[in-house]
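Peer 1: Below you will find the structure I want to go over with you.
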Amino acid sequence: MEAAYLEEGQVKTSLANELLGKLVELEEETEAELVPQLMTMAELKWDTYEGFRAGQRFMESLARWLQGFDDQPTRKRWLEFLLSKLVFVSAAEVDHLIAVAYPDFVRPAVLERVAAASGIARHRKTQLMNTPAFKVEQRRILVFALSDGARLDVLRRNSALSHEQFVPGLAVPEARRGDLSKKLERALTVHGGDKEEEALFDHVLLVDDFYGSGTSLIDIVEGEDGEVALDGKIAKFRKHADSLTQADEDGPALLTKDYSASILLYMASGRAKRHIEQSLAKAGLDDRWLLETIQVFDDNCKVTDAALLADCDAFWDPVLEDEHKKCAARGYKDCALPVVLYHNAPNNSISPLWAESIGRRREGFQSLDRRALFPRYERHHSDRP
């Protein structure tokens, strides 16, 4: 069996060598070193990209992608980029980030609030966690998903929070509002909460997987009259949250009027982290809203090579431009990230990684039929209005 396995591996390597040999003129020594590296990374990570069609693998995508570059130096440049600069975040790595979210970020924040209110020293974790106040404070957190990437099912299984604290979206469904209220009241009674106090959530936790620029989460818009307005997901959530602070025909109140909030991101660029924090401050929310980021891609995680950036500009297909992202040759907002997530390539990354334009249409433009290495599933798509 071992011999058969080795033979299969040799066949794969031979085919990969033949494939690359037709597309890229490499010296024999370079080819002997390069192909095994590519195949190892493909088997360990790149083949798991969920944006590939059924049965498609990385080496097939690589061959089609390289054909989109006209000359040998460009193809070599991008092969070198793949092995030295590409950041591919696997499902296992994301699962690890989610696994540490509760013990390293959520629970310590609860302990901090309970310690401040009780006078018990912050370092006495066991003592704090055994108090009714800790159990009550933890149960009064309401968790929302900012997108599908929040993976709330995984977060719930890796935490001590109740299933009845999770909302798989940015709004509480009307049909669930009364149920959440009743179960919160029951839980607070079990945990020894104040029976005279109304059963309300007092902290919201907004969860998402990744931000490259941060502007879709929160942005400050200045009007012609100089007035400052809040835009993005946070603005939409706050309007909904306001409706949850009072009872109405849709159901009982769920949130205290002075609720606090945390934004928990599994990953973000340094640029996005700064933007979100600065926007919270400009909006006057930084006293009640806190940003927590588990993995930060620092400012060195960016494509700066002039030749690669010029390739990105040449690769970009204007047929992909729309009212949301405009020209994103170097990534949305020119973030120029080299990042790919296993389930989707962010549009903040450089366009050759994700910007597939096969079959795309836009009035007044002829598609260049670009093939991306990791085709992105776009939320905003002209064929899905």
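Following the order of the structure tokens, chains are lettered A, B, ..., residues in each are numbered from 1, and ligands are numbered from 1.
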Using backbone DSSP assignments, extract all helix (DSSP H, G or I) residues from range 116-213 of chain A; output them as a PyMOL selection string.

Peer 2: chain A and resi 116-118+125-129+132-139+148-150+152-157+163-165+174-190

Peer 1: Using C-alpha atoms, can you write the selected residues to a file as a PDB file, in the first residue's frame?

Peer 2:
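Generated file (selection.pdb):
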```pdb
ATOM      1  CA  ALA A 116     -15.806  46.464  39.419  1.00  0.00           C
ATOM      2  CA  ALA A 117     -19.341  46.124  40.798  1.00  0.00           C
ATOM      3  CA  SER A 118     -18.543  43.733  43.669  1.00  0.00           C
ATOM      4  CA  LYS A 125     -11.147  34.540  39.106  1.00  0.00           C
ATOM      5  CA  THR A 126     -12.487  31.422  40.823  1.00  0.00           C
ATOM      6  CA  GLN A 127     -14.128  33.470  43.562  1.00  0.00           C
ATOM      7  CA  LEU A 128     -15.709  35.803  41.017  1.00  0.00           C
ATOM      8  CA  MET A 129     -16.955  32.960  38.803  1.00  0.00           C
ATOM      9  CA  PRO A 132     -24.365  34.679  41.554  1.00  0.00           C
ATOM     10  CA  ALA A 133     -23.418  38.069  40.092  1.00  0.00           C
ATOM     11  CA  PHE A 134     -21.080  36.445  37.550  1.00  0.00           C
ATOM     12  CA  LYS A 135     -23.691  33.929  36.422  1.00  0.00           C
ATOM     13  CA  VAL A 136     -26.323  36.666  36.164  1.00  0.00           C
ATOM     14  CA  GLU A 137     -24.048  39.081  34.285  1.00  0.00           C
ATOM     15  CA  GLN A 138     -22.953  36.379  31.853  1.00  0.00           C
ATOM     16  CA  ARG A 139     -26.552  35.344  31.175  1.00  0.00           C
ATOM     17  CA  ASP A 148     -22.503  34.181   8.286  1.00  0.00           C
ATOM     18  CA  GLY A 149     -18.783  34.260   9.080  1.00  0.00           C
ATOM     19  CA  ALA A 150     -19.568  34.717  12.774  1.00  0.00           C
ATOM     20  CA  LEU A 152     -22.213  31.295  16.119  1.00  0.00           C
ATOM     21  CA  ASP A 153     -22.788  27.539  16.261  1.00  0.00           C
ATOM     22  CA  VAL A 154     -19.075  26.968  16.867  1.00  0.00           C
ATOM     23  CA  LEU A 155     -18.828  29.886  19.299  1.00  0.00           C
ATOM     24  CA  ARG A 156     -21.782  28.573  21.310  1.00  0.00           C
ATOM     25  CA  ARG A 157     -20.265  25.098  21.600  1.00  0.00           C
ATOM     26  CA  HIS A 163     -28.341  28.688  23.387  1.00  0.00           C
ATOM     27  CA  GLU A 164     -30.976  31.278  24.287  1.00  0.00           C
ATOM     28  CA  GLN A 165     -28.405  34.081  24.100  1.00  0.00           C
ATOM     29  CA  GLU A 174     -40.519  39.068  16.288  1.00  0.00           C
ATOM     30  CA  ALA A 175     -41.608  35.483  16.957  1.00  0.00           C
ATOM     31  CA  ARG A 176     -38.631  34.898  19.234  1.00  0.00           C
ATOM     32  CA  ARG A 177     -38.728  38.090  21.265  1.00  0.00           C
ATOM     33  CA  GLY A 178     -41.208  36.910  23.900  1.00  0.00           C
ATOM     34  CA  ASP A 179     -39.478  33.545  24.225  1.00  0.00           C
ATOM     35  CA  LEU A 180     -36.070  35.159  24.844  1.00  0.00           C
ATOM     36  CA  SER A 181     -37.597  37.362  27.539  1.00  0.00           C
ATOM     37  CA  LYS A 182     -39.303  34.487  29.377  1.00  0.00           C
ATOM     38  CA  LYS A 183     -36.230  32.259  29.305  1.00  0.00           C
ATOM     39  CA  LEU A 184     -33.998  35.084  30.503  1.00  0.00           C
ATOM     40  CA  GLU A 185     -36.333  35.731  33.450  1.00  0.00           C
ATOM     41  CA  ARG A 186     -36.327  32.029  34.331  1.00  0.00           C
ATOM     42  CA  ALA A 187     -32.518  31.784  34.074  1.00  0.00           C
ATOM     43  CA  LEU A 188     -31.933  34.854  36.246  1.00  0.00           C
ATOM     44  CA  THR A 189     -34.184  33.356  38.914  1.00  0.00           C
ATOM     45  CA  VAL A 190     -32.177  30.120  38.843  1.00  0.00           C
TER      46      VAL A 190
END
```

Peer 1: I need the residues in range 121-217 of chain A that are strand (DSSP E or B) according to DSSP; give them as a list in words.

Peer 2: Ile141, Leu142, Val143, Phe144, Ala145, Phe166, Val167, Phe201, Asp202, His203, Val204, Leu205, Leu206, Val207, Asp208, Asp209, Phe210 and Tyr211 of chain A

Peer 1: Once you have the residues from the selection above, write them out as a compact mmCIF listing (two decimals), in the first residue's frame, restricted to C-alpha atoms.

Peer 2:
```txt
# COMPACT_ATOMS: atom_id res chain seq x y z
CA ILE A 141 -25.32 39.00 27.25
CA LEU A 142 -27.18 38.88 23.94
CA VAL A 143 -25.02 37.69 21.03
CA PHE A 144 -25.64 38.78 17.41
CA ALA A 145 -24.00 37.63 14.16
CA PHE A 166 -27.61 33.74 20.40
CA VAL A 167 -29.32 35.52 17.52
CA PHE A 201 -30.19 41.89 28.67
CA ASP A 202 -27.65 44.61 29.50
CA HIS A 203 -24.78 43.80 27.12
CA VAL A 204 -24.71 42.97 23.42
CA LEU A 205 -21.91 41.08 21.70
CA LEU A 206 -21.63 41.58 17.92
CA VAL A 207 -19.52 38.89 16.25
CA ASP A 208 -17.89 38.63 12.82
CA ASP A 209 -14.97 36.87 11.18
CA PHE A 210 -12.94 39.43 9.22
CA TYR A 211 -12.65 43.10 8.24
```

Peer 1: As a PyMOL selection string, please: the residues near Phe365 in chain A (cut-off 9 Å, only C-alpha atoms, same-chain neighbours under 4 positions excluded).

Peer 2: chain A and resi 318-319+361

Peer 1: Considering only C-alpha atoms, state which residue in the set A:Val340, A:Ala261, A:Leu254, A:Ala283 is at the smallest distance from Ile220 in chain A.

Peer 2: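 That would be A:Ala283, the residue with the smallest distance to Ile220 in chain A.
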
Peer 1: Tell me which of A:Ser162, A:Thr256, A:Thr304, A:Asn348 sits closest to Gly214 in chain A, counting only C-alpha atoms.

Peer 2: A:Asn348

Peer 1: For Arg124 in chain A, please output as a PyMOL selection string all residues within 12 Å (counting only C-alpha atoms; exclusion window: fewer than 3 positions along the same chain).

Peer 2: chain A and resi 108+111-112+114-115+118-121+127-131

Peer 1: Store the residues of this selection in a file with N, CA and C atoms, as an mmCIF file, in the first residue's frame.

Peer 2:
```cif
data_model
loop_
_atom_site.group_PDB
_atom_site.id
_atom_site.type_symbol
_atom_site.label_atom_id
_atom_site.label_comp_id
_atom_site.auth_asym_id
_atom_site.auth_seq_id
_atom_site.Cartn_x
_atom_site.Cartn_y
_atom_site.Cartn_z
ATOM 1 N N PRO A 108 -13.330 37.074 30.372
ATOM 2 C CA PRO A 108 -12.580 38.105 31.102
ATOM 3 C C PRO A 108 -13.317 39.440 31.181
ATOM 4 N N LEU A 111 -15.869 39.087 33.910
ATOM 5 C CA LEU A 111 -15.176 39.132 35.195
ATOM 6 C C LEU A 111 -14.801 40.563 35.571
ATOM 7 N N GLU A 112 -14.378 41.328 34.573
ATOM 8 C CA GLU A 112 -14.011 42.730 34.807
ATOM 9 C C GLU A 112 -15.206 43.525 35.313
ATOM 10 N N VAL A 114 -17.954 42.360 36.766
ATOM 11 C CA VAL A 114 -18.391 41.868 38.081
ATOM 12 C C VAL A 114 -17.426 42.324 39.170
ATOM 13 N N ALA A 115 -16.132 42.302 38.880
ATOM 14 C CA ALA A 115 -15.139 42.743 39.864
ATOM 15 C C ALA A 115 -15.339 44.218 40.208
ATOM 16 N N SER A 118 -18.526 44.453 42.386
ATOM 17 C CA SER A 118 -18.543 43.733 43.669
ATOM 18 C C SER A 118 -17.438 44.146 44.617
ATOM 19 N N GLY A 119 -16.373 44.698 44.079
ATOM 20 C CA GLY A 119 -15.231 45.040 44.916
ATOM 21 C C GLY A 119 -14.272 43.888 45.124
ATOM 22 N N ILE A 120 -14.583 42.720 44.553
ATOM 23 C CA ILE A 120 -13.671 41.577 44.641
ATOM 24 C C ILE A 120 -12.509 41.807 43.666
ATOM 25 N N ALA A 121 -11.303 41.518 44.108
ATOM 26 C CA ALA A 121 -10.119 41.746 43.278
ATOM 27 C C ALA A 121 -10.232 40.983 41.959
ATOM 28 N N GLN A 127 -13.164 32.867 42.641
ATOM 29 C CA GLN A 127 -14.128 33.470 43.562
ATOM 30 C C GLN A 127 -15.195 34.248 42.801
ATOM 31 N N LEU A 128 -14.762 35.015 41.817
ATOM 32 C CA LEU A 128 -15.709 35.803 41.017
ATOM 33 C C LEU A 128 -16.665 34.897 40.239
ATOM 34 N N MET A 129 -16.132 33.837 39.631
ATOM 35 C CA MET A 129 -16.955 32.960 38.803
ATOM 36 C C MET A 129 -17.968 32.165 39.622
ATOM 37 N N ASN A 130 -17.724 32.030 40.918
ATOM 38 C CA ASN A 130 -18.656 31.300 41.780
ATOM 39 C C ASN A 130 -19.734 32.192 42.393
ATOM 40 N N THR A 131 -19.696 33.478 42.077
ATOM 41 C CA THR A 131 -20.714 34.374 42.619
ATOM 42 C C THR A 131 -21.965 34.358 41.747
#
```

Peer 1: List the neighbours of Gln56 in chain A out to 12 Å using only C-alpha atoms; skip same-chain residues closer than 4 positions along the sequence, and give me the result as a ChimeraX atom specification.

Peer 2: /A:42,46-52,60-64,373-375
